[in-house]
Amino acid sequence: MSAKVPRNFRLLEELEKGEKGQGSDACSLGLDDDNDIMMSDWNGTILGPPHSVHENRIYSLKLRCDEHYPDVPPTVRFVSRINLPCVDPDNGKVDPTKLQCLGNWKREYTMETVLVELRRFMASGNNKKLPQPPEGTTY
Amino acid sequence: MALPKRIIKETERLVAEPVPGIQAVPHDDNLRYFDVSIHGPTQSPYEGGVFKLELFLPEDYPMTPPKIRFLTKIYHPNIDRLGRICLDVLKANWSPALQIRTILLSIQALLGAPNPDDPLANDVAQRWKEDEPGAIATAREWTQTHAAP
């Protein structure tokens, strides 16, 4: 078994990957508060996938990593309004039972894994055609 | 999980012959992860403070250096707001001949000799160069506020 990277060093790795621009082109991630030594709250963005109703839209999200991360997944909620089956229409919360990577979370997954999977979900099957709230509205 | 002999030996020696003013205790559930505390050196603005740090020995240690950061807030030109440390021996000048012990001593020395010409916290470094007495006073205040034993 390999060395188990503790929470804080794992979050520093995720932060540095974002700072160096080594992450996905279509998603970004940053700390909500530069002074938060526990690195709990994060801001994410997803660039709407092409050939879908989301094309050219930028979605803002909030992610929260509690003290048990990455043994447990982050909690994720959309700030930008979106009509998507895994998102609570009242508050933007992502239902972990309806998104594969959250429901079957593995320790090696990262916050970027979640953003990338959400983007794929937005582009899939029927989801890419769902009517959407006006661009720029928030919960 | 088999822990490499090198790490076991280093840990035993840290406990048996602790470095004055430095403590490093491994977590029970992760023997590569240490809670560290360092006493601020005398005659430095950090004197009287006890600073908490965390240290992790990555999979390929000692071929790569330990990862380490401050958990206690500290006003220092080479330490940023998330406690990350700018120190040559933690990066380009790391050598497998160095140890946890030597790294912690280097960090303690860095507290006694801030180096604003190789900054990580730019705003702090600039103040250190332009108004050293003021910067030192702030470092002292932060020590009292955040690092009281």
# chains A, B, ... in the order shown; residues from 1 in each chain; ligands from 1
$ interface_residues --of "chain A" --to "chain B" --cutoff "10 Å" --atoms "only C-alpha atoms" --output "ChimeraX atom specification"
/A:1-6,8-9,12,34-39
$ write_last_selection --atoms "C-alpha atoms" --output "short mmCIF file (atom, residue, chain, number, x, y, z; two decimals), in the first residue's frame"
data_model
loop_
_atom_site.label_atom_id
_atom_site.label_comp_id
_atom_site.auth_asym_id
_atom_site.auth_seq_id
_atom_site.Cartn_x
_atom_site.Cartn_y
_atom_site.Cartn_z
CA MET A 1 0.00 0.00 0.00
CA SER A 2 1.31 3.44 -0.85
CA ALA A 3 1.71 6.46 1.41
CA LYS A 4 -1.57 8.04 2.38
CA VAL A 5 -1.45 11.77 1.65
CA PRO A 6 -3.11 13.69 4.52
CA ASN A 8 -4.12 19.35 3.98
CA PHE A 9 -1.26 18.26 1.74
CA LEU A 12 -2.33 22.02 -1.30
CA ASP A 34 -6.62 33.10 0.75
CA ASN A 35 -6.23 33.29 4.52
CA ASP A 36 -8.14 30.10 5.31
CA ILE A 37 -5.39 27.89 6.66
CA MET A 38 -7.80 24.91 6.72
CA MET A 39 -8.62 25.37 3.02
#
$ residues_around --residues "Cys101 (chain A)" --least-positions-apart "2" --cutoff "9 Å" --atoms "only C-alpha atoms" --output "list in words"
Pro73, Pro96, Leu99, Gly103, Asn104, Trp105, Lys106, Tyr109, Thr113, Val114 and Glu117 of chain A
$ write_last_selection --atoms "C-alpha atoms" --output "short mmCIF file (atom, residue, chain, number, x, y, z; two decimals), in the first residue's frame"
data_model
loop_
_atom_site.label_atom_id
_atom_site.label_comp_id
_atom_site.auth_asym_id
_atom_site.auth_seq_id
_atom_site.Cartn_x
_atom_site.Cartn_y
_atom_site.Cartn_z
CA PRO A 73 -16.40 13.69 -1.07
CA PRO A 96 -24.51 13.06 -4.26
CA LEU A 99 -23.77 11.89 -9.59
CA GLY A 103 -22.06 8.46 -4.88
CA ASN A 104 -19.15 6.09 -5.48
CA TRP A 105 -16.44 8.38 -4.15
CA LYS A 106 -12.84 7.12 -4.14
CA TYR A 109 -10.75 11.55 -6.80
CA THR A 113 -12.95 15.04 -10.93
CA VAL A 114 -16.32 16.34 -9.72
CA GLU A 117 -17.98 14.85 -14.38
#
$ select_by_dssp --residues "region 69-119 of chain A" --states "helix (DSSP H, G or I)" --output "CSV table (one decimal) with C-alpha atoms, in the first residue's frame"
chain,number,residue,atom,x,y,z
A,96,PRO,CA,-24.5,13.1,-4.3
A,97,THR,CA,-26.7,10.0,-5.0
A,98,LYS,CA,-27.3,11.3,-8.5
A,100,GLN,CA,-21.6,8.8,-10.1
A,101,CYS,CA,-18.3,10.2,-8.8
A,102,LEU,CA,-19.9,11.5,-5.6
A,103,GLY,CA,-22.1,8.5,-4.9
A,111,MET,CA,-12.6,18.4,-6.7
A,112,GLU,CA,-11.6,18.6,-10.4
A,113,THR,CA,-13.0,15.0,-10.9
A,114,VAL,CA,-16.3,16.3,-9.7
A,115,LEU,CA,-16.3,19.5,-11.9
A,116,VAL,CA,-15.3,17.5,-15.0
A,117,GLU,CA,-18.0,14.9,-14.4
A,118,LEU,CA,-20.6,17.5,-13.8
A,119,ARG,CA,-19.6,19.1,-17.2
$ residues_around --residues "Ser40 (chain A)" --least-positions-apart "3" --cutoff "9 Å" --atoms "only C-alpha atoms" --output "list of chain:residue names"
A:Leu11, A:Leu31, A:Asp32, A:Asp33, A:Asp36, A:Ile37, A:Leu63, A:Arg64, A:Cys65, A:Asp66, A:Glu67
$ residues_around --residues "region 77-81 of chain A" --least-positions-apart "2" --cutoff "12 Å" --atoms "only C-alpha atoms" --output "number ranges by chain"
A: 41-48, 54, 57-64, 74-75, 83-84, 86-96, 114-115, 118, 131-139
$ atom_distance --atom1 "CA of Trp142 (chain B)" --atom2 "CA of Gly21 (chain B)"
19.3 Å
$ residues_around --residues "Ile107 (chain B)" --least-positions-apart "5" --cutoff "10 Å" --atoms "only C-alpha atoms" --output "PDB file with C-alpha atoms, in the first residue's frame"
ATOM      1  CA  ILE B  38       8.897  24.715  16.966  1.00  0.00           C
ATOM      2  CA  ILE B  68       5.888  20.782   5.533  1.00  0.00           C
ATOM      3  CA  ILE B  85       7.661  27.784   3.421  1.00  0.00           C
ATOM      4  CA  CYS B  86      10.223  29.055   0.920  1.00  0.00           C
ATOM      5  CA  LEU B  87      13.438  27.296   1.861  1.00  0.00           C
ATOM      6  CA  VAL B  89      16.637  22.693   1.234  1.00  0.00           C
ATOM      7  CA  LEU B  90      12.929  21.877   0.819  1.00  0.00           C
ATOM      8  CA  THR B 102      17.946  18.817   9.788  1.00  0.00           C
ATOM      9  CA  GLY B 112      15.953  33.624  13.381  1.00  0.00           C
ATOM     10  CA  ALA B 113      17.138  34.930   9.998  1.00  0.00           C
TER      11      ALA B 113
END
$ atom_distance --atom1 "CA of Tyr46 (chain B)" --atom2 "CA of Val124 (chain B)"
15.1 Å
$ closest_residue --among "A:Ser124, A:Lys20, A:Glu14, A:Leu29" --to "Pro85 (chain A)" --atoms "only C-alpha atoms"
A:Ser124
$ select_by_dssp --residues "chain A" --states "strand (DSSP E or B)" --output "ChimeraX atom specification"
/A:27-31,41-47,58-64,75-78,80,87,93-94,138
$ write_last_selection --atoms "C-alpha atoms" --output "CSV table (one decimal), in the first residue's frame"
chain,number,residue,atom,x,y,z
A,27,CYS,CA,-13.1,23.9,-15.3
A,28,SER,CA,-11.2,26.0,-12.8
A,29,LEU,CA,-10.8,25.9,-9.0
A,30,GLY,CA,-9.6,28.3,-6.4
A,31,LEU,CA,-9.7,28.9,-2.6
A,41,ASP,CA,-14.2,26.5,1.0
A,42,TRP,CA,-13.5,26.6,-2.7
A,43,ASN,CA,-14.9,28.3,-5.8
A,44,GLY,CA,-15.2,26.4,-9.0
A,45,THR,CA,-16.3,27.3,-12.5
A,46,ILE,CA,-17.5,25.1,-15.3
A,47,LEU,CA,-17.5,26.4,-18.9
A,58,ILE,CA,-20.0,30.0,-17.3
A,59,TYR,CA,-21.3,28.3,-14.2
A,60,SER,CA,-20.1,29.2,-10.7
A,61,LEU,CA,-20.1,26.6,-7.9
A,62,LYS,CA,-19.1,26.4,-4.3
A,63,LEU,CA,-17.3,23.3,-2.9
A,64,ARG,CA,-16.7,22.5,0.7
A,75,THR,CA,-20.2,19.0,-0.8
A,76,VAL,CA,-21.0,20.8,-4.0
A,77,ARG,CA,-23.6,23.5,-4.9
A,78,PHE,CA,-24.2,25.6,-7.9
A,80,SER,CA,-25.4,30.0,-11.0
A,87,VAL,CA,-29.2,19.7,-8.9
A,93,LYS,CA,-27.1,21.7,-4.2
A,94,VAL,CA,-25.8,18.7,-6.1
A,138,THR,CA,-28.1,32.8,-9.1
$ residues_around --residues "Gln43 (chain B)" --least-positions-apart "5" --cutoff "12 Å" --atoms "only C-alpha atoms" --output "number ranges by chain"
B: 48-49, 109, 111-113, 136, 140
$ write_last_selection --atoms "N, CA and C atoms" --output "compact mmCIF listing (two decimals), in the first residue's frame"
# COMPACT_ATOMS: atom_id res chain seq x y z
N GLY B 48 9.35 33.29 22.42
CA GLY B 48 8.21 33.15 23.31
C GLY B 48 7.02 32.48 22.65
N GLY B 49 7.06 32.32 21.31
CA GLY B 49 5.95 31.68 20.62
C GLY B 49 6.24 30.19 20.37
N ALA B 109 16.07 27.96 12.12
CA ALA B 109 17.07 28.97 11.76
C ALA B 109 16.46 30.06 10.88
N LEU B 111 13.51 31.18 11.06
CA LEU B 111 12.78 32.11 11.93
C LEU B 111 13.74 33.14 12.53
N GLY B 112 14.97 32.71 12.80
CA GLY B 112 15.95 33.62 13.38
C GLY B 112 16.60 34.53 12.34
N ALA B 113 16.48 34.16 11.06
CA ALA B 113 17.14 34.93 10.00
C ALA B 113 16.24 35.04 8.77
N ILE B 136 9.23 43.94 12.15
CA ILE B 136 9.59 43.12 13.31
C ILE B 136 8.55 43.28 14.42
N ARG B 140 6.24 40.38 16.02
CA ARG B 140 6.16 40.17 17.47
C ARG B 140 4.69 40.12 17.93
$ residues_around --residues "Val50 (chain B)" --least-positions-apart "3" --cutoff "8 Å" --atoms "only C-alpha atoms" --output "MDAnalysis selection string"
chainID B and resid 37:40 147:149
